[in-house]
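Shown below: upload-v2.tsv, with TSV, C-alpha atoms and all ligand atoms.
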chain	number	residue	atom	x	y	z
A	1	MET	CA	-20.75	-29.33	-4.20
A	2	GLY	CA	-17.10	-28.85	-5.14
A	3	LYS	CA	-14.41	-26.67	-3.62
A	4	LEU	CA	-14.34	-22.92	-4.04
A	5	PHE	CA	-11.12	-20.90	-3.91
A	6	ALA	CA	-10.63	-17.13	-3.82
A	7	VAL	CA	-7.42	-15.17	-4.42
A	8	GLU	CA	-7.17	-11.48	-3.58
A	9	ILE	CA	-4.55	-9.12	-5.01
A	10	ILE	CA	-4.05	-5.83	-3.18
A	11	TYR	CA	-2.37	-3.24	-5.37
A	12	ARG	CA	-1.80	0.45	-6.05
A	13	GLY	CA	-4.62	1.81	-8.18
A	14	VAL	CA	-3.79	2.63	-11.81
A	15	PHE	CA	-0.04	1.97	-11.49
A	16	GLN	CA	-0.39	-1.75	-10.72
A	17	LYS	CA	-3.81	-2.39	-12.20
A	18	THR	CA	-2.59	-4.32	-15.25
A	19	LEU	CA	-0.13	-6.33	-13.16
A	20	ALA	CA	-2.93	-7.32	-10.74
A	21	LYS	CA	-5.21	-8.19	-13.64
A	22	ASN	CA	-2.50	-10.31	-15.29
A	23	ILE	CA	-1.99	-12.28	-12.08
A	24	THR	CA	-5.67	-13.01	-11.42
A	25	ARG	CA	-6.18	-13.87	-15.09
A	26	GLY	CA	-3.15	-16.19	-14.88
A	27	VAL	CA	-4.58	-17.96	-11.81
A	28	VAL	CA	-7.86	-18.65	-13.62
A	29	LEU	CA	-6.30	-19.80	-16.90
A	30	ALA	CA	-3.72	-22.00	-15.16
A	31	ALA	CA	-6.42	-23.57	-12.95
A	32	HIS	CA	-8.40	-24.18	-16.13
A	33	ASN	CA	-5.53	-26.42	-17.26
A	34	GLN	CA	-6.39	-28.61	-14.25
A	35	GLY	CA	-10.06	-28.84	-15.26
A	36	LYS	CA	-11.25	-26.09	-12.92
A	37	LEU	CA	-13.50	-23.16	-13.77
A	38	GLY	CA	-13.04	-19.59	-12.71
A	39	LEU	CA	-13.22	-15.88	-13.34
A	40	SER	CA	-11.17	-12.86	-12.46
A	41	PHE	CA	-12.41	-9.35	-11.85
A	42	GLY	CA	-11.33	-5.97	-10.51
A	43	ARG	CA	-13.21	-4.61	-7.56
A	44	TYR	CA	-13.36	-1.21	-9.25
A	45	GLY	CA	-13.93	-2.24	-12.82
A	46	ASP	CA	-16.85	0.17	-13.09
A	47	SER	CA	-15.42	2.98	-10.99
A	48	PRO	CA	-12.66	5.55	-11.20
A	49	GLU	CA	-9.38	4.71	-9.52
A	50	ARG	CA	-7.09	7.38	-8.21
A	51	ASN	CA	-3.37	7.05	-8.84
A	52	GLY	CA	-1.80	4.97	-6.09
A	53	ILE	CA	-4.94	4.38	-4.07
A	54	PRO	CA	-5.19	0.88	-2.54
A	55	ALA	CA	-7.37	-1.34	-4.71
A	56	LYS	CA	-8.19	-5.04	-5.09
A	57	SER	CA	-8.45	-7.61	-7.84
A	58	PHE	CA	-9.85	-11.13	-7.39
A	59	ALA	CA	-9.74	-14.60	-8.90
A	60	ILE	CA	-12.45	-17.12	-8.06
A	61	VAL	CA	-11.85	-20.73	-8.99
A	62	ALA	CA	-14.14	-23.73	-8.49
A	63	ASP	CA	-14.24	-27.46	-9.20
A	64	ASP	CA	-17.60	-27.23	-10.95
A	65	GLU	CA	-20.06	-24.81	-12.45
A	66	GLN	CA	-22.54	-24.81	-9.58
A	67	THR	CA	-19.85	-24.01	-7.03
A	68	LEU	CA	-18.51	-21.23	-9.24
A	69	GLU	CA	-21.98	-19.72	-9.53
A	70	GLU	CA	-22.24	-19.72	-5.77
A	71	GLY	CA	-18.93	-17.81	-5.57
A	72	MET	CA	-20.03	-15.36	-8.24
A	73	ALA	CA	-23.14	-14.46	-6.27
A	74	GLN	CA	-20.96	-12.39	-3.92
A	75	TYR	CA	-20.01	-8.85	-4.82
A	76	GLU	CA	-16.49	-9.61	-3.62
A	77	PRO	CA	-15.22	-12.65	-1.68
A	78	LYS	CA	-15.57	-12.19	2.08
A	79	ARG	CA	-13.01	-14.92	2.79
A	80	VAL	CA	-9.98	-15.63	0.63
A	81	ASP	CA	-7.50	-18.51	0.43
A	82	VAL	CA	-4.51	-16.36	-0.56
A	83	THR	CA	-3.88	-12.63	-0.25
A	84	VAL	CA	-1.11	-11.07	-2.34
A	85	VAL	CA	0.20	-7.58	-1.58
A	86	LEU	CA	2.01	-6.04	-4.55
A	87	ASP	CA	3.43	-3.03	-2.68
A	88	ASP	CA	4.83	-3.54	0.82
A	89	THR	CA	3.80	-0.06	2.00
A	90	LEU	CA	0.25	-1.45	1.79
A	91	CYS	CA	1.10	-3.72	4.74
A	92	LYS	CA	-0.04	-0.75	6.85
A	93	GLY	CA	-3.58	-1.55	5.76
A	94	VAL	CA	-6.03	-1.02	2.98
A	95	GLU	CA	-8.30	1.95	2.60
A	96	SER	CA	-9.97	3.44	-0.39
A	97	TRP	CA	-12.95	5.56	-1.10
A	98	ALA	CA	-15.15	2.48	-1.39
A	99	TRP	CA	-14.40	1.15	2.10
A	100	TYR	CA	-14.78	2.82	5.43
A	101	GLY	CA	-11.54	3.47	7.27
A	102	LEU	CA	-8.28	1.54	7.28
A	103	GLN	CA	-8.59	-2.24	7.27
A	104	PRO	CA	-5.88	-4.81	8.09
A	105	VAL	CA	-4.30	-6.23	4.97
A	106	HIS	CA	-5.22	-9.79	6.00
A	107	ARG	CA	-8.81	-8.99	6.93
A	108	ALA	CA	-10.30	-11.47	4.42
A	109	LEU	CA	-7.60	-14.15	4.73
A	110	LYS	CA	-8.81	-17.49	6.15
A	111	PRO	CA	-7.06	-18.70	9.33
A	112	GLY	CA	-3.89	-20.68	8.57
A	113	HIS	CA	-3.70	-19.40	4.99
A	114	THR	CA	-0.90	-17.43	3.33
A	115	LEU	CA	-0.29	-13.72	2.92
A	116	ILE	CA	2.26	-13.14	0.14
A	117	VAL	CA	4.06	-9.77	0.06
A	118	VAL	CA	6.33	-8.60	-2.77
A	119	SER	CA	9.09	-6.82	-0.89
A	120	LEU	CA	12.80	-6.33	-0.35
A	121	GLN	CA	12.20	-6.37	3.40
A	122	ASP	CA	12.11	-9.50	5.55
A	123	ALA	CA	9.04	-10.92	7.30
A	124	PRO	CA	9.84	-9.63	10.85
A	125	THR	CA	10.25	-6.08	9.47
A	126	LEU	CA	6.95	-6.32	7.56
A	127	LEU	CA	5.22	-7.50	10.74
A	128	LYS	CA	5.94	-4.11	12.32
A	129	SER	CA	3.36	-2.74	9.86
A	130	ILE	CA	0.97	-5.70	9.44
A	131	HIS	CA	-1.70	-5.53	12.14
A	132	HIS	CA	-2.11	-8.27	14.70
A	133	ARG	CA	-5.15	-10.53	14.50
A	134	GLU	CA	-6.84	-13.23	16.54
A	135	THR	CA	-6.19	-16.15	14.22
A	136	PRO	CA	-2.87	-17.50	12.93
A	137	TYR	CA	-1.75	-17.26	9.32
A	138	LYS	CA	1.39	-17.65	7.22
A	139	LEU	CA	3.49	-14.79	5.89
A	140	GLY	CA	5.71	-15.29	2.84
A	141	VAL	CA	7.93	-12.69	1.19
A	142	LEU	CA	8.46	-12.80	-2.56
A	143	LYS	CA	11.72	-10.89	-2.85
A	144	GLY	CA	11.45	-8.02	-5.26
A	145	ALA	CA	11.07	-4.28	-5.63
A	146	THR	CA	7.59	-2.82	-6.05
A	147	SER	CA	6.72	-3.53	-9.66
A	148	PHE	CA	4.83	-1.46	-12.21
A	149	SER	CA	5.15	-4.17	-14.81
A	150	GLY	CA	2.23	-3.97	-17.21
A	151	MET	CA	2.27	-0.19	-17.48
A	152	TRP	CA	3.19	0.92	-20.95
A	153	VAL	CA	6.36	2.69	-19.81
A	154	TYR	CA	7.67	-0.11	-17.60
A	155	LYS	CA	9.41	-3.23	-18.80
A	156	ASP	CA	8.02	-6.63	-17.91
A	157	ASP	CA	10.02	-7.78	-14.88
A	158	HIS	CA	8.19	-11.14	-14.53
A	159	THR	CA	6.51	-10.19	-11.25
A	160	ASP	CA	3.24	-11.63	-12.61
A	161	VAL	CA	4.61	-15.15	-13.12
A	162	ARG	CA	6.78	-14.97	-9.99
A	163	VAL	CA	3.62	-14.32	-7.96
A	164	LEU	CA	1.93	-17.24	-9.74
A	165	GLY	CA	4.87	-19.49	-8.77
A	166	ALA	CA	4.54	-18.36	-5.13
A	167	ILE	CA	0.78	-19.01	-5.17
A	168	ALA	CA	1.38	-22.53	-6.48
A	169	LYS	CA	3.75	-23.15	-3.56
A	170	ALA	CA	1.41	-21.59	-0.98
A	171	LEU	CA	-1.77	-23.29	-2.16
A	172	PRO	CA	-1.09	-26.26	-4.47
A	173	GLU	CA	-4.68	-27.48	-4.21
A	174	LEU	CA	-5.76	-24.30	-6.05
A	175	VAL	CA	-3.26	-24.53	-8.89
A	176	GLY	CA	-0.06	-26.50	-9.41
A	177	LEU	CA	3.23	-25.37	-10.89
A	178	THR	CA	2.81	-27.64	-13.94
A	179	ALA	CA	-0.50	-25.95	-14.80
A	180	ILE	CA	1.12	-22.54	-14.40
A	181	LYS	CA	4.00	-23.46	-16.67
A	182	GLN	CA	1.53	-24.76	-19.24
A	183	PHE	CA	-0.32	-21.40	-19.07
A	184	VAL	CA	2.99	-19.54	-19.52
A	185	THR	CA	3.99	-21.66	-22.51
A	186	GLU	CA	0.64	-21.61	-24.28
A	187	LYS	CA	-0.64	-18.11	-23.51
A	188	LEU	CA	2.41	-15.97	-22.73
A	189	LYS	CA	4.73	-17.87	-25.11
A	190	ASN	CA	7.83	-16.85	-23.17
A	191	PRO	CA	10.03	-19.72	-21.87
A	192	LEU	CA	12.01	-17.30	-19.68
A	193	LYS	CA	8.80	-16.51	-17.79
A	194	GLY	CA	8.36	-20.23	-17.13
A	195	THR	CA	11.83	-20.24	-15.56
A	196	SER	CA	10.91	-17.23	-13.41
A	197	ALA	CA	7.75	-18.97	-12.16
A	198	GLN	CA	9.80	-22.08	-11.35
A	199	LEU	CA	12.48	-20.08	-9.46
A	200	ALA	CA	9.85	-18.24	-7.43
A	201	PHE	CA	8.19	-21.57	-6.61
A	202	ASP	CA	11.51	-23.08	-5.49
A	203	ARG	CA	12.56	-20.10	-3.38
A	204	PHE	CA	9.25	-19.15	-1.82
A	205	HIS	CA	8.75	-20.01	1.83
A	206	SER	CA	6.60	-18.64	4.61
A	207	ILE	CA	6.69	-18.24	8.37
A	208	GLU	CA	3.91	-18.93	10.85
A	209	VAL	CA	2.42	-15.81	12.39
A	210	LYS	CA	0.84	-16.44	15.77
A	211	PRO	CA	-2.37	-14.79	17.05
A	212	GLY	CA	-1.57	-11.34	18.46
A	213	GLU	CA	1.75	-11.07	16.59
A	214	GLY	CA	2.36	-7.93	14.49
A	215	ASN	CA	1.57	-4.23	14.66
A	216	PRO	CA	-0.31	-3.70	17.97
A	217	GLU	CA	-2.21	-0.64	16.71
A	218	GLU	CA	-6.01	-0.93	17.14
A	219	LEU	CA	-7.74	0.39	14.06
A	220	PRO	CA	-10.78	2.64	14.48
A	221	LYS	CA	-14.09	0.83	14.22
A	222	PHE	CA	-17.09	2.52	12.70
A	223	GLU	CA	-20.78	1.93	13.20
A	224	LEU	CA	-22.26	2.50	9.79
A	225	LEU	CA	-25.62	4.22	9.81
A	226	LYS	CA	-28.59	2.12	8.82
A	227	TRP	CA	-30.96	3.62	6.28
A	228	GLU	CA	-33.58	4.28	8.95
A	229	ASP	CA	-31.02	6.32	10.96
A	230	MET	CA	-30.42	8.79	8.19
A	231	ARG	CA	-31.75	12.31	8.16
A	232	ASP	CA	-34.53	13.28	5.79
A	233	GLY	CA	-33.47	14.74	2.47
A	234	VAL	CA	-29.94	15.13	1.17
A	235	SER	CA	-27.59	17.25	3.24
A	236	ILE	CA	-23.86	17.66	3.52
A	237	LYS	CA	-22.53	18.61	6.90
A	238	GLY	CA	-20.65	21.90	6.90
A	239	GLN	CA	-16.98	21.87	7.86
A	240	PRO	CA	-15.60	24.30	10.46
A	241	GLN	CA	-12.69	26.49	9.38
A	242	GLY	CA	-9.99	25.70	11.92
A	243	GLY	CA	-7.74	28.30	13.51
A	244	PRO	CA	-4.58	29.07	15.52
A	245	TYR	CA	-3.09	26.59	17.98
A	246	LYS	CA	-0.51	26.40	20.76
A	247	ASP	CA	3.25	25.88	20.53
A	248	PRO	CA	3.82	22.88	22.86
A	249	ILE	CA	7.00	24.43	24.32
A	250	THR	CA	6.57	28.23	24.35
A	251	LYS	CA	2.76	28.05	24.67
A	252	GLN	CA	2.63	30.88	22.12
A	253	VAL	CA	-0.67	30.72	20.19
A	254	GLY	CA	-0.60	31.35	16.48
A	255	GLY	CA	-0.47	29.85	13.01
A	256	PHE	CA	-3.37	28.02	11.45
A	257	ARG	CA	-4.54	24.43	11.59
A	258	PRO	CA	-7.45	23.66	9.27
A	259	ALA	CA	-10.29	21.64	10.78
A	260	ARG	CA	-10.16	18.23	9.15
A	261	ASN	CA	-12.77	15.57	8.57
A	262	GLU	CA	-12.72	13.23	11.58
A	263	LEU	CA	-13.61	10.19	9.55
A	264	PHE	CA	-11.88	10.62	6.21
A	265	LYS	CA	-8.20	10.04	6.85
A	266	LYS	CA	-5.35	8.84	4.66
A	267	GLY	CA	-4.34	5.44	5.99
A	268	SER	CA	-2.12	3.79	3.42
A	269	THR	CA	-2.45	5.93	0.30
A	270	ARG	CA	1.17	7.06	0.70
A	271	THR	CA	4.22	5.17	-0.50
A	272	GLN	CA	6.45	8.03	0.62
A	273	ARG	CA	6.12	10.84	3.12
A	274	PRO	CA	7.78	14.26	3.33
A	275	VAL	CA	10.29	14.92	6.12
A	276	VAL	CA	10.94	18.61	6.78
A	277	ASN	CA	14.07	20.38	7.94
A	278	PHE	CA	12.48	23.19	9.97
A	279	ALA	CA	15.94	24.70	10.61
A	280	THR	CA	16.46	25.60	6.94
A	281	CYS	CA	12.85	26.45	6.04
A	282	THR	CA	12.54	30.08	4.85
A	283	LYS	CA	8.74	30.16	5.39
A	284	CYS	CA	8.23	30.91	1.71
A	285	THR	CA	4.73	29.25	1.80
A	286	LEU	CA	5.18	27.32	-1.47
A	287	CYS	CA	4.68	23.85	0.02
A	288	TRP	CA	1.52	25.01	1.80
A	289	LEU	CA	0.12	26.73	-1.28
A	290	ASN	CA	0.76	23.79	-3.59
A	291	CYS	CA	-0.24	20.85	-1.39
A	292	PRO	CA	-3.32	19.39	-3.13
A	293	ASP	CA	-4.67	17.87	0.09
A	294	ALA	CA	-4.27	20.93	2.39
A	295	SER	CA	-2.05	18.76	4.56
A	296	PHE	CA	0.12	21.45	6.11
A	297	ASP	CA	-0.52	23.15	9.42
A	298	VAL	CA	0.98	26.64	9.64
A	299	THR	CA	2.87	26.48	12.93
A	300	PRO	CA	2.76	29.37	15.42
A	301	GLU	CA	6.27	30.28	14.29
A	302	GLY	CA	5.37	30.28	10.58
A	303	THR	CA	6.94	27.03	9.37
A	304	TYR	CA	4.84	24.22	7.84
A	305	ASP	CA	4.13	20.89	9.54
A	306	THR	CA	2.66	17.94	7.62
A	307	ASN	CA	-0.48	16.30	8.97
A	308	PHE	CA	-0.07	12.62	8.10
A	309	GLU	CA	-3.72	11.75	8.46
A	310	SER	CA	-4.24	14.03	5.48
A	311	CYS	CA	-1.08	13.72	3.34
A	312	CYS	CA	-1.37	11.42	0.30
A	313	GLY	CA	2.40	11.36	-0.32
A	314	CYS	CA	2.31	12.95	-3.78
A	315	GLY	CA	5.71	14.66	-3.41
A	316	ILE	CA	4.62	18.02	-4.80
A	317	CYS	CA	5.89	19.82	-1.68
A	318	GLU	CA	9.37	18.38	-2.24
A	319	ASP	CA	9.28	19.48	-5.86
A	320	VAL	CA	8.24	23.06	-5.16
A	321	CYS	CA	10.42	23.73	-2.11
A	322	PRO	CA	13.18	26.13	-3.25
A	323	VAL	CA	15.57	25.27	-0.40
A	324	LYS	CA	17.89	22.33	-1.09
A	325	ASP	CA	17.02	19.24	0.98
A	326	CYS	CA	14.53	21.16	3.11
A	327	ILE	CA	11.76	18.67	2.20
A	328	THR	CA	12.72	15.09	1.33
A	329	MET	CA	10.33	12.32	0.36
A	330	VAL	CA	11.20	9.11	2.24
A	331	ASN	CA	9.89	5.56	1.81
A	332	GLU	CA	6.74	5.20	3.96
A	333	ALA	CA	7.95	1.82	5.21
A	334	GLN	CA	10.42	3.72	7.44
A	335	PHE	CA	7.65	5.10	9.65
A	336	HIS	CA	5.45	3.50	12.27
A	337	ASP	CA	3.45	6.46	13.55
A	338	ASN	CA	1.92	9.70	12.31
A	339	LYS	CA	3.32	12.04	14.97
A	340	SER	CA	4.02	15.72	14.31
A	341	GLN	CA	7.56	16.36	13.07
A	342	TRP	CA	7.42	19.99	14.17
A	343	GLU	CA	6.58	19.02	17.77
A	344	ALA	CA	9.58	16.68	17.78
A	345	PHE	CA	11.73	19.49	16.39
A	346	LYS	CA	10.48	21.91	19.06
A	347	LYS	CA	11.17	19.47	21.88
A	348	ASP	CA	14.80	18.79	20.91
A	349	GLN	CA	16.18	20.41	17.75
A	350	ASP	CA	19.52	18.57	17.73
A	351	ALA	CA	17.89	15.18	18.24
A	352	TYR	CA	15.35	15.95	15.49
A	353	LEU	CA	18.01	16.99	12.98
A	354	LYS	CA	20.03	13.84	13.73
A	355	TRP	CA	16.86	11.74	13.30
A	356	LEU	CA	16.19	13.53	10.01
A	357	GLU	CA	19.66	12.79	8.64
A	358	LYS	CA	19.56	9.16	9.77
A	359	THR	CA	16.05	8.56	8.41
A	360	ILE	CA	16.89	9.93	4.97
A	361	LYS	CA	20.16	7.96	4.86
A	362	GLU	CA	18.61	4.68	5.99
A	363	ALA	CA	15.86	4.95	3.40
A	364	GLU	CA	18.39	4.77	0.55
A	365	PRO	CA	18.22	3.20	-1.98
A	366	GLU	CA	14.49	2.56	-1.44
A	367	GLU	CA	14.16	6.32	-1.01
A	368	LYS	CA	14.09	6.47	-4.81
A	369	ARG	CA	10.84	4.53	-4.93
A	370	SER	CA	7.51	6.02	-5.84
A	371	HIS	CA	4.10	4.79	-6.82
A	372	GLY	CA	4.34	6.44	-10.17
A	373	PHE	CA	6.32	8.85	-12.30
A	374	ARG	CA	8.52	10.62	-9.86
A	375	TYR	CA	10.85	11.50	-12.67
A	376	ARG	CA	11.46	10.33	-16.20
A	377	GLY	CA	13.99	7.51	-16.47
A	378	GLN	CA	13.51	6.35	-12.87
A	379	TYR	CA	12.65	2.80	-13.86
A	380	LYS	CA	15.76	2.46	-16.02
A	381	GLU	CA	17.92	3.54	-13.11
A	382	GLN	CA	16.33	0.97	-10.83
A	383	VAL	CA	16.86	-2.04	-13.09
A	384	PRO	CA	20.42	-2.91	-11.88
A	385	GLU	CA	19.25	-2.67	-8.29
A	386	ALA	CA	16.24	-4.88	-8.96
A	387	LEU	CA	18.44	-7.45	-10.70
A	388	GLU	CA	20.83	-7.49	-7.76
A	389	ALA	CA	17.91	-8.01	-5.35
A	390	ALA	CA	16.60	-10.87	-7.51
A	391	GLN	CA	20.02	-12.54	-7.47
A	392	ARG	CA	20.19	-12.25	-3.68
A	393	ALA	CA	16.70	-13.73	-3.26
B	401	LIG	S1	3.36	14.89	-0.16
B	401	LIG	FE1	1.66	15.90	-1.28
B	401	LIG	S2	-0.11	15.68	0.10
B	401	LIG	FE2	1.71	15.31	1.34
B	401	LIG	S3	2.25	17.26	2.25
B	401	LIG	FE3	3.45	17.07	0.35
B	401	LIG	S4	2.20	18.08	-1.22
B	401	LIG	FE4	0.84	17.67	0.53
B	402	LIG	S1	8.53	25.26	0.48
B	402	LIG	FE1	10.28	24.71	1.74
B	402	LIG	S2	11.18	26.65	2.37
B	402	LIG	FE2	9.12	27.09	1.61
B	402	LIG	S3	7.83	27.06	3.46
B	402	LIG	FE3	7.76	24.98	2.60
B	402	LIG	S4	9.40	23.88	3.64
B	402	LIG	FE4	9.75	26.06	4.01
Can the structure in the file be given as structure tokens, please?
Ligand code: SF4
Ligand code: SF4
Amino acid sequence: MGKLFAVEIIYRGVFQKTLAKNITRGVVLAAHNQGKLGLSFGRYGDSPERNGIPAKSFAIVADDEQTLEEGMAQYEPKRVDVTVVLDDTLCKGVESWAWYGLQPVHRALKPGHTLIVVSLQDAPTLLKSIHHRETPYKLGVLKGATSFSGMWVYKDDHTDVRVLGAIAKALPELVGLTAIKQFVTEKLKNPLKGTSAQLAFDRFHSIEVKPGEGNPEELPKFELLKWEDMRDGVSIKGQPQGGPYKDPITKQVGGFRPARNELFKKGSTRTQRPVVNFATCTKCTLCWLNCPDASFDVTPEGTYDTNFESCCGCGICEDVCPVKDCITMVNEAQFHDNKSQWEAFKKDQDAYLKWLEKTIKEAEPEEKRSHGFRYRGQYKEQVPEALEAAQRA
């Protein structure tokens, strides 16, 4: 029996689907140049993907046919040799409709193996989001802005071959740089992409992450029902309505907080989150009316507070708010908890407004990021910035 390798790409559904597919395809075809066999597949090839939702793509590579067949017998690999994260806001974990709850981004990564993150942040900053675990692993940052390369409106920024170069450095026994360059020459027919793969290979390095290091948050664990535990027939549990709640300072009861599903929560669907200036809010209701995920609580004083276990980060509230800078979408990487902004505002208004100003300012220029079409021409504006980041890398 030969050796079996698995590579996992974690990406934003729809927006990065082609990029993820190009990388896993590249792994298989490059490994083929070394006499190995393999296949690549999307975890959701037969299912709908929602814009921006965390999703996975895989490459399985083996020394021989029998070993490959053994790998193919699994629905998706339970253990992987390399995990690649194409959007650093996904370092907060992976959740999608097909899994249950938020899962650490390195859940399937074998001990001692490498997690590669495409990011402009450094490894210690990313570790504030990446959950701790019991076994050590390596963390390597491939410097770069979140890429939508492969979408028809976005130019090819070589992220696909740069990731391939990093994989060759992280796990040479899977595929070597020479095989990758041969794949680039023969299949992609772009010498510049060969240079990009080489540069990524040369520059890529990783740090050791010790057991227990990283985000200390304990993720909820769920006991899934077994078939014999289920109720007879098909039934959907009714949802209570919700109702007024208490102002933490004045104790005044009012407003409206909808009852929310205890189990279905947004973990890492967002790439940005709204921050609200409650001092300038005119209580016009537009954000509340237009939020597609019913994420706003109406506070006892009539302003609107985002519930971050519900918000998907779509940015509609920012778009519809008629008051300048009252709602601002900020890069999700800036935040490490889901606490109520309104409660912070109520406790100390001056401190909250200073925090608001600082948070928005610090998020620039990443504040312009999105997981999709925030506005037409956004990509073009970001190109000089991306080039500068690449030169710094
Ligand atoms: S970003 Fe979207 S989901 Fe979140 S509060 Fe605003 S409108 Fe609702
Ligand atoms: S849209 Fe803006 S001004 Fe109107 S209620 Fe929401 S935050 Fe306040």
- request: Using only C-alpha atoms, determine which residues lie at most 7 Å from range 104-119 of chain A, disregarding the query and same-chain residues fewer than 6 positions distant; provide the list as JSON, numbers by chain.
  value: {"A": [78, 79, 80, 81, 82, 83, 84, 85, 86, 87, 88, 91, 93, 94, 130, 131, 135, 136, 137, 138, 139, 140, 141, 142, 143, 144, 145, 146, 170]}
re CA of Pro244 in chain A and CA of Ile316 in chain A: distance 24.9 Å
Contacts with ligand LIG 402 (chain B) at most 7 Å, all atoms listed in the file counted, listed as number ranges by chain: A: 276, 281-288, 303-304, 317, 320-323, 326-327
Report task. Return as a ChimeraX atom specification the residues of protein, DNA or RNA that approach ligand LIG 401 (chain B) to within 8 Å, with all atoms listed in the file taken into account. Result -> /A:272-274,287-288,290-296,306-308,310-318,329
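The two atoms in question, CA of Gly194 in chain A and CA of Gln182 in chain A, are spaced 8.5 Å apart.
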For Asn51 in chain A, the closest of A:Pro216, A:Gly71, A:Gly13, A:Gly267 counting all atoms listed in the file is A:Gly13
Restricting to all atoms listed in the file, whichever of A:Glu228, A:Asp247, A:Asp157, A:Asp350 is closest to Thr299 in chain A is A:Asp247
Using only C-alpha atoms, the residue out of A:Gly165, A:Gly52, A:Pro240, A:Gly214 with shortest distance to Leu199 in chain A is A:Gly165
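Computed from the coordinates, the CA of Thr269 in chain A to CA of Ile53 in chain A distance equals 5.3 Å.
Nearest-residue note for Ser129 in chain A: choosing from A:His32, A:Phe222, A:Val209, A:Glu217, the minimum distance belongs to A:Glu217, counting all atoms listed in the file.
Shortest separation to Phe204 in chain A among A:Ala168, A:Val27, A:Leu126, A:Val184 occurs at residue A:Ala168, atoms counted being all atoms listed in the file.
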Q | Polymer residues at most 12 Å from range 353-359 of chain A, only C-alpha atoms, same-chain spacing of 6 or more positions, as number ranges by chain | A | A: 273-280, 325-335, 341-342, 344-347, 365-367
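Using all atoms listed in the file, the protein and nucleic acid residues lying no more than 10 Å from Gly26 in chain A, apart from those fewer than 6 places from it along its own chain, are Ala20, His32, Ser40, Ala59, Asp160, Val161, Val163, Leu164, Ile180, Phe183, Val184, Lys187 and Leu188 of chain A.
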